[in-house]
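Peer 1: Contents of work_35.cif (mmCIF, C-alpha atoms) are given next:
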data_structure
#
loop_
_atom_site.group_PDB
_atom_site.id
_atom_site.type_symbol
_atom_site.label_atom_id
_atom_site.label_comp_id
_atom_site.auth_asym_id
_atom_site.auth_seq_id
_atom_site.Cartn_x
_atom_site.Cartn_y
_atom_site.Cartn_z
ATOM 1 C CA LEU A 1219 19.729 -15.353 2.111
ATOM 2 C CA THR A 1220 21.892 -16.090 -0.860
ATOM 3 C CA ASN A 1221 19.291 -17.379 -3.345
ATOM 4 C CA HIS A 1222 16.464 -14.892 -3.233
ATOM 5 C CA ALA A 1223 13.960 -14.166 -5.978
ATOM 6 C CA PRO A 1224 14.544 -10.909 -7.837
ATOM 7 C CA TYR A 1225 12.003 -8.182 -7.299
ATOM 8 C CA HIS A 1226 11.245 -4.731 -8.577
ATOM 9 C CA LEU A 1227 8.652 -2.089 -7.792
ATOM 10 C CA CYS A 1228 6.389 -1.000 -10.583
ATOM 11 C CA ASN A 1229 4.451 2.228 -10.777
ATOM 12 C CA HIS A 1230 0.734 2.826 -11.286
ATOM 13 C CA LEU A 1231 1.025 3.274 -15.026
ATOM 14 C CA GLN A 1232 2.944 0.010 -15.440
ATOM 15 C CA TRP A 1233 0.435 -2.156 -13.535
ATOM 16 C CA HIS A 1234 -2.510 -0.422 -15.189
ATOM 17 C CA GLN A 1235 -1.108 -0.861 -18.705
ATOM 18 C CA ALA A 1236 -0.326 -4.497 -17.934
ATOM 19 C CA CYS A 1237 -3.934 -5.120 -16.793
ATOM 20 C CA VAL A 1238 -5.318 -3.523 -19.961
ATOM 21 C CA ARG A 1239 -2.891 -5.244 -22.323
ATOM 22 C CA PHE A 1240 -3.450 -8.624 -20.682
ATOM 23 C CA ALA A 1241 -7.214 -8.150 -21.056
ATOM 24 C CA ASP A 1242 -6.758 -7.207 -24.713
ATOM 25 C CA ASP A 1243 -4.381 -10.115 -25.376
ATOM 26 C CA HIS A 1244 -6.211 -12.841 -23.449
ATOM 27 C CA ARG A 1245 -9.753 -11.531 -22.881
ATOM 28 C CA TYR A 1246 -9.240 -11.997 -19.136
ATOM 29 C CA LEU A 1247 -9.460 -9.248 -16.533
ATOM 30 C CA VAL A 1248 -7.117 -9.123 -13.556
ATOM 31 C CA GLU A 1249 -6.858 -6.900 -10.493
ATOM 32 C CA PRO A 1250 -3.962 -4.498 -9.734
ATOM 33 C CA ALA A 1251 -1.861 -6.937 -7.680
ATOM 34 C CA CYS A 1252 -1.810 -9.309 -10.618
ATOM 35 C CA GLY A 1253 -1.181 -6.388 -12.969
ATOM 36 C CA ALA A 1254 1.930 -5.576 -10.941
ATOM 37 C CA ALA A 1255 3.250 -9.086 -11.612
ATOM 38 C CA LEU A 1256 2.240 -8.869 -15.280
ATOM 39 C CA ALA A 1257 4.058 -5.540 -15.620
ATOM 40 C CA LEU A 1258 7.204 -7.646 -15.793
ATOM 41 C CA ALA A 1259 5.964 -9.260 -19.005
ATOM 42 C CA TYR A 1260 4.673 -6.046 -20.582
ATOM 43 C CA THR A 1261 7.380 -3.529 -19.594
ATOM 44 C CA PRO A 1262 10.667 -3.977 -21.468
ATOM 45 C CA ARG A 1263 12.738 -2.075 -18.875
ATOM 46 C CA LEU A 1264 11.425 -4.247 -16.041
ATOM 47 C CA ARG A 1265 12.114 -7.402 -18.045
ATOM 48 C CA LYS A 1266 15.662 -6.266 -18.709
ATOM 49 C CA ASP A 1267 16.352 -5.179 -15.104
ATOM 50 C CA VAL A 1268 14.695 -8.058 -13.264
ATOM 51 C CA LEU A 1269 15.167 -11.027 -15.557
ATOM 52 C CA LYS A 1270 18.835 -10.504 -16.321
ATOM 53 C CA GLY A 1271 20.267 -14.009 -16.739
ATOM 54 C CA ALA A 1272 17.008 -15.832 -15.943
ATOM 55 C CA SER A 1273 16.500 -19.093 -17.799
ATOM 56 C CA ALA A 1274 12.826 -19.540 -16.870
ATOM 57 C CA VAL A 1275 10.107 -17.215 -15.620
ATOM 58 C CA VAL A 1276 6.730 -18.040 -14.093
ATOM 59 C CA ILE A 1277 4.070 -15.380 -13.608
ATOM 60 C CA GLU A 1278 1.025 -16.611 -11.750
ATOM 61 C CA VAL A 1279 -2.178 -15.014 -13.009
ATOM 62 C CA CYS A 1280 -5.219 -14.922 -10.777
ATOM 63 C CA GLY A 1281 -8.744 -14.014 -11.794
ATOM 64 C CA GLY A 1282 -10.312 -10.639 -11.494
ATOM 65 C CA SER A 1283 -13.690 -11.455 -9.991
ATOM 66 C CA GLY A 1284 -13.845 -7.956 -8.501
ATOM 67 C CA VAL A 1285 -12.968 -6.023 -11.641
ATOM 68 C CA ASN A 1286 -14.465 -4.993 -14.946
ATOM 69 C CA ARG A 1287 -13.364 -2.456 -17.570
ATOM 70 C CA GLU A 1288 -15.225 0.407 -15.838
ATOM 71 C CA ILE A 1289 -13.615 -0.364 -12.451
ATOM 72 C CA LEU A 1290 -10.183 -0.601 -14.067
ATOM 73 C CA ALA A 1291 -10.722 2.804 -15.700
ATOM 74 C CA GLN A 1292 -11.950 4.280 -12.396
ATOM 75 C CA TRP A 1293 -8.844 3.046 -10.546
ATOM 76 C CA HIS A 1294 -6.752 4.772 -13.206
ATOM 77 C CA ARG A 1295 -8.694 8.045 -12.843
ATOM 78 C CA ASP A 1296 -8.504 7.886 -9.028
ATOM 79 C CA GLN A 1297 -4.763 7.326 -9.132
ATOM 80 C CA LYS A 1298 -4.285 10.253 -11.508
ATOM 81 C CA LYS A 1299 -6.303 12.522 -9.174
ATOM 82 C CA GLY A 1300 -4.155 11.417 -6.232
ATOM 83 C CA GLU A 1301 -0.966 12.147 -8.159
ATOM 84 C CA ARG A 1302 -2.200 15.632 -9.091
ATOM 85 C CA LYS A 1303 -3.094 16.361 -5.443
ATOM 86 C CA GLN A 1304 0.373 15.273 -4.287
ATOM 87 C CA ARG A 1305 2.078 17.524 -6.813
ATOM 88 C CA GLY A 1306 -0.108 20.420 -5.673
ATOM 89 C CA ARG A 1307 1.141 20.207 -2.063
#
What do you get writing this file as structure tokens?
Peer 2:
Amino acid sequence: LTNHAPYHLCNHLQWHQACVRFADDHRYLVEPACGAALALAYTPRLRKDVLKGASAVVIEVCGGSGVNREILAQWHRDQKKGERKQRGR
């Protein structure tokens, strides 16, 4: 494949912050998979690394019918607990 789409992995904090910022900016909640895509728009380092030389960018945003602010906060707390457990091993 010579013309592949660029990609980059984002971490928990990046997708979570993107979900929260998107909700604050647009009053629209999204789930983590969409937050991972939005992390590109809200994380300067990702923008710089992934979009180098890009002339146009499309980020598809899907609804968050299975999320609300409390669920988003709980996902964040659960992830933090998991990270602490891993470090404790």
Peer 1: Where does the PyMOL selection byres ((chain A and resi 1256) around 10) land in this file, that is, which residues does it pick, as number ranges by chain?
Peer 2: A: 1232-1237, 1239-1240, 1248, 1250-1255, 1257-1261, 1277-1279
Peer 1: Taking all atoms listed in the file into account, name the residue in A:Leu1247, A:Ala1272, A:Leu1264, A:Ala1241 that is nearest to Asn1229 of chain A.
Peer 2: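 Checking each of A:Leu1247, A:Ala1272, A:Leu1264, A:Ala1241 against Asn1229 of chain A, counting all atoms listed in the file, the winner is A:Leu1264.
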Peer 1: To one decimal place, how far is atom CA of Asp1242 of chain A from atom CA of Ala1274 of chain A in Å?
Peer 2: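 Atom-to-atom, atom CA of Asp1242 of chain A to atom CA of Ala1274 of chain A, that is 24.4 Å.
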Peer 1: I'd like the interatomic distance between atom CA of Val1238 of chain A and atom CA of His1294 of chain A, to a tenth of an Å.
Peer 2: 10.8 Å
Peer 1: Go ahead and compute the interatomic distance for atom CA of His1230 of chain A and atom CA of Trp1293 of chain A, in Å to one decimal.
Peer 2: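 According to the coordinates, atom CA of His1230 of chain A and atom CA of Trp1293 of chain A are separated by 9.6 Å.
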Peer 1: Could you tell me which of A:Val1285, A:Leu1231, A:Tyr1246, A:Arg1265 comes closest to Lys1298 of chain A if we count only C-alpha atoms?
Peer 2: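 Using only C-alpha atoms, Lys1298 of chain A sits closest to A:Leu1231.
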Peer 1: Hey, could you pull the box centre and edge lengths for segment 1224-1239 of chain A, axis-aligned, 8 Å padding per side, all listed atoms, to one decimal in Å, as AutoDock Vina command-line options?
Peer 2:
--center_x 4.6 --center_y -3.8 --center_z -14.8 --size_x 35.9 --size_y 30.2 --size_z 31.0
Peer 1: For segment 1288-1299 of chain A, supply all heavy atoms and report the output as a PDB file, in the coordinates of the input.
Peer 2:
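Written out: selection_21.pdb:
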ATOM      1  N   GLU A1288     -14.886  -0.880 -16.458  1.00  0.00           N
ATOM      2  CA  GLU A1288     -15.225   0.407 -15.838  1.00  0.00           C
ATOM      3  C   GLU A1288     -14.448   0.598 -14.534  1.00  0.00           C
ATOM      4  O   GLU A1288     -13.952   1.691 -14.247  1.00  0.00           O
ATOM      5  CB  GLU A1288     -16.726   0.517 -15.559  1.00  0.00           C
ATOM      6  CG  GLU A1288     -17.584   0.626 -16.806  1.00  0.00           C
ATOM      7  CD  GLU A1288     -18.134  -0.721 -17.229  1.00  0.00           C
ATOM      8  OE1 GLU A1288     -18.289  -1.622 -16.376  1.00  0.00           O
ATOM      9  OE2 GLU A1288     -18.394  -0.883 -18.431  1.00  0.00           O
ATOM     10  N   ILE A1289     -14.347  -0.452 -13.720  1.00  0.00           N
ATOM     11  CA  ILE A1289     -13.615  -0.364 -12.451  1.00  0.00           C
ATOM     12  C   ILE A1289     -12.136  -0.111 -12.727  1.00  0.00           C
ATOM     13  O   ILE A1289     -11.505   0.723 -12.074  1.00  0.00           O
ATOM     14  CB  ILE A1289     -13.813  -1.638 -11.602  1.00  0.00           C
ATOM     15  CG1 ILE A1289     -15.261  -1.720 -11.112  1.00  0.00           C
ATOM     16  CG2 ILE A1289     -12.837  -1.683 -10.435  1.00  0.00           C
ATOM     17  CD1 ILE A1289     -15.612  -3.041 -10.449  1.00  0.00           C
ATOM     18  N   LEU A1290     -11.581  -0.798 -13.703  1.00  0.00           N
ATOM     19  CA  LEU A1290     -10.183  -0.601 -14.067  1.00  0.00           C
ATOM     20  C   LEU A1290      -9.946   0.852 -14.487  1.00  0.00           C
ATOM     21  O   LEU A1290      -8.973   1.486 -14.059  1.00  0.00           O
ATOM     22  CB  LEU A1290      -9.803  -1.563 -15.193  1.00  0.00           C
ATOM     23  CG  LEU A1290      -8.343  -1.731 -15.540  1.00  0.00           C
ATOM     24  CD1 LEU A1290      -7.528  -2.171 -14.333  1.00  0.00           C
ATOM     25  CD2 LEU A1290      -8.185  -2.730 -16.670  1.00  0.00           C
ATOM     26  N   ALA A1291     -10.842   1.402 -15.276  1.00  0.00           N
ATOM     27  CA  ALA A1291     -10.722   2.804 -15.700  1.00  0.00           C
ATOM     28  C   ALA A1291     -10.862   3.751 -14.507  1.00  0.00           C
ATOM     29  O   ALA A1291     -10.149   4.752 -14.414  1.00  0.00           O
ATOM     30  CB  ALA A1291     -11.771   3.121 -16.759  1.00  0.00           C
ATOM     31  N   GLN A1292     -11.763   3.428 -13.572  1.00  0.00           N
ATOM     32  CA  GLN A1292     -11.950   4.280 -12.396  1.00  0.00           C
ATOM     33  C   GLN A1292     -10.708   4.273 -11.509  1.00  0.00           C
ATOM     34  O   GLN A1292     -10.294   5.309 -11.001  1.00  0.00           O
ATOM     35  CB  GLN A1292     -13.171   3.841 -11.589  1.00  0.00           C
ATOM     36  CG  GLN A1292     -13.493   4.756 -10.413  1.00  0.00           C
ATOM     37  CD  GLN A1292     -13.825   6.179 -10.851  1.00  0.00           C
ATOM     38  OE1 GLN A1292     -14.637   6.383 -11.750  1.00  0.00           O
ATOM     39  NE2 GLN A1292     -13.171   7.144 -10.241  1.00  0.00           N
ATOM     40  N   TRP A1293     -10.086   3.113 -11.324  1.00  0.00           N
ATOM     41  CA  TRP A1293      -8.844   3.046 -10.546  1.00  0.00           C
ATOM     42  C   TRP A1293      -7.794   3.955 -11.169  1.00  0.00           C
ATOM     43  O   TRP A1293      -7.068   4.646 -10.480  1.00  0.00           O
ATOM     44  CB  TRP A1293      -8.301   1.624 -10.481  1.00  0.00           C
ATOM     45  CG  TRP A1293      -9.052   0.703  -9.588  1.00  0.00           C
ATOM     46  CD1 TRP A1293      -9.816   1.037  -8.500  1.00  0.00           C
ATOM     47  CD2 TRP A1293      -9.115  -0.709  -9.690  1.00  0.00           C
ATOM     48  NE1 TRP A1293     -10.345  -0.084  -7.933  1.00  0.00           N
ATOM     49  CE2 TRP A1293      -9.925  -1.178  -8.642  1.00  0.00           C
ATOM     50  CE3 TRP A1293      -8.567  -1.630 -10.572  1.00  0.00           C
ATOM     51  CZ2 TRP A1293     -10.196  -2.515  -8.439  1.00  0.00           C
ATOM     52  CZ3 TRP A1293      -8.832  -2.967 -10.368  1.00  0.00           C
ATOM     53  CH2 TRP A1293      -9.636  -3.402  -9.316  1.00  0.00           C
ATOM     54  N   HIS A1294      -7.725   3.941 -12.494  1.00  0.00           N
ATOM     55  CA  HIS A1294      -6.752   4.772 -13.206  1.00  0.00           C
ATOM     56  C   HIS A1294      -7.053   6.253 -12.967  1.00  0.00           C
ATOM     57  O   HIS A1294      -6.146   7.029 -12.651  1.00  0.00           O
ATOM     58  CB  HIS A1294      -6.789   4.436 -14.694  1.00  0.00           C
ATOM     59  CG  HIS A1294      -5.750   5.133 -15.501  1.00  0.00           C
ATOM     60  ND1 HIS A1294      -4.407   4.918 -15.322  1.00  0.00           N
ATOM     61  CD2 HIS A1294      -5.862   6.059 -16.471  1.00  0.00           C
ATOM     62  CE1 HIS A1294      -3.731   5.681 -16.174  1.00  0.00           C
ATOM     63  NE2 HIS A1294      -4.596   6.376 -16.877  1.00  0.00           N
ATOM     64  N   ARG A1295      -8.318   6.640 -13.083  1.00  0.00           N
ATOM     65  CA  ARG A1295      -8.694   8.045 -12.843  1.00  0.00           C
ATOM     66  C   ARG A1295      -8.412   8.452 -11.401  1.00  0.00           C
ATOM     67  O   ARG A1295      -7.878   9.536 -11.145  1.00  0.00           O
ATOM     68  CB  ARG A1295     -10.178   8.263 -13.173  1.00  0.00           C
ATOM     69  CG  ARG A1295     -10.472   8.267 -14.669  1.00  0.00           C
ATOM     70  CD  ARG A1295     -11.892   8.708 -14.956  1.00  0.00           C
ATOM     71  NE  ARG A1295     -12.892   7.815 -14.402  1.00  0.00           N
ATOM     72  CZ  ARG A1295     -13.398   6.760 -15.016  1.00  0.00           C
ATOM     73  NH1 ARG A1295     -12.996   6.433 -16.237  1.00  0.00           N
ATOM     74  NH2 ARG A1295     -14.315   6.007 -14.436  1.00  0.00           N
ATOM     75  N   ASP A1296      -8.750   7.583 -10.445  1.00  0.00           N
ATOM     76  CA  ASP A1296      -8.504   7.886  -9.028  1.00  0.00           C
ATOM     77  C   ASP A1296      -7.018   8.068  -8.756  1.00  0.00           C
ATOM     78  O   ASP A1296      -6.619   8.973  -8.016  1.00  0.00           O
ATOM     79  CB  ASP A1296      -9.055   6.772  -8.130  1.00  0.00           C
ATOM     80  CG  ASP A1296     -10.570   6.707  -8.114  1.00  0.00           C
ATOM     81  OD1 ASP A1296     -11.225   7.664  -8.598  1.00  0.00           O
ATOM     82  OD2 ASP A1296     -11.098   5.685  -7.638  1.00  0.00           O
ATOM     83  N   GLN A1297      -6.212   7.221  -9.326  1.00  0.00           N
ATOM     84  CA  GLN A1297      -4.763   7.326  -9.132  1.00  0.00           C
ATOM     85  C   GLN A1297      -4.247   8.631  -9.705  1.00  0.00           C
ATOM     86  O   GLN A1297      -3.435   9.310  -9.091  1.00  0.00           O
ATOM     87  CB  GLN A1297      -4.050   6.136  -9.778  1.00  0.00           C
ATOM     88  CG  GLN A1297      -2.554   6.158  -9.607  1.00  0.00           C
ATOM     89  CD  GLN A1297      -2.103   5.993  -8.160  1.00  0.00           C
ATOM     90  OE1 GLN A1297      -2.778   5.363  -7.370  1.00  0.00           O
ATOM     91  NE2 GLN A1297      -0.972   6.564  -7.829  1.00  0.00           N
ATOM     92  N   LYS A1298      -4.720   9.004 -10.883  1.00  0.00           N
ATOM     93  CA  LYS A1298      -4.285  10.253 -11.508  1.00  0.00           C
ATOM     94  C   LYS A1298      -4.668  11.453 -10.637  1.00  0.00           C
ATOM     95  O   LYS A1298      -3.885  12.379 -10.478  1.00  0.00           O
ATOM     96  CB  LYS A1298      -4.888  10.400 -12.911  1.00  0.00           C
ATOM     97  CG  LYS A1298      -4.274   9.478 -13.915  1.00  0.00           C
ATOM     98  CD  LYS A1298      -2.835   9.839 -14.092  1.00  0.00           C
ATOM     99  CE  LYS A1298      -2.222   9.082 -15.230  1.00  0.00           C
ATOM    100  NZ  LYS A1298      -0.787   9.306 -15.295  1.00  0.00           N
ATOM    101  N   LYS A1299      -5.876  11.430 -10.073  1.00  0.00           N
ATOM    102  CA  LYS A1299      -6.303  12.522  -9.174  1.00  0.00           C
ATOM    103  C   LYS A1299      -5.380  12.610  -7.968  1.00  0.00           C
ATOM    104  O   LYS A1299      -4.969  13.693  -7.562  1.00  0.00           O
ATOM    105  CB  LYS A1299      -7.739  12.290  -8.697  1.00  0.00           C
ATOM    106  CG  LYS A1299      -8.786  12.585  -9.717  1.00  0.00           C
ATOM    107  CD  LYS A1299     -10.166  12.318  -9.116  1.00  0.00           C
ATOM    108  CE  LYS A1299     -11.227  12.312 -10.165  1.00  0.00           C
ATOM    109  NZ  LYS A1299     -12.542  11.914  -9.633  1.00  0.00           N
TER     110      LYS A1299
END
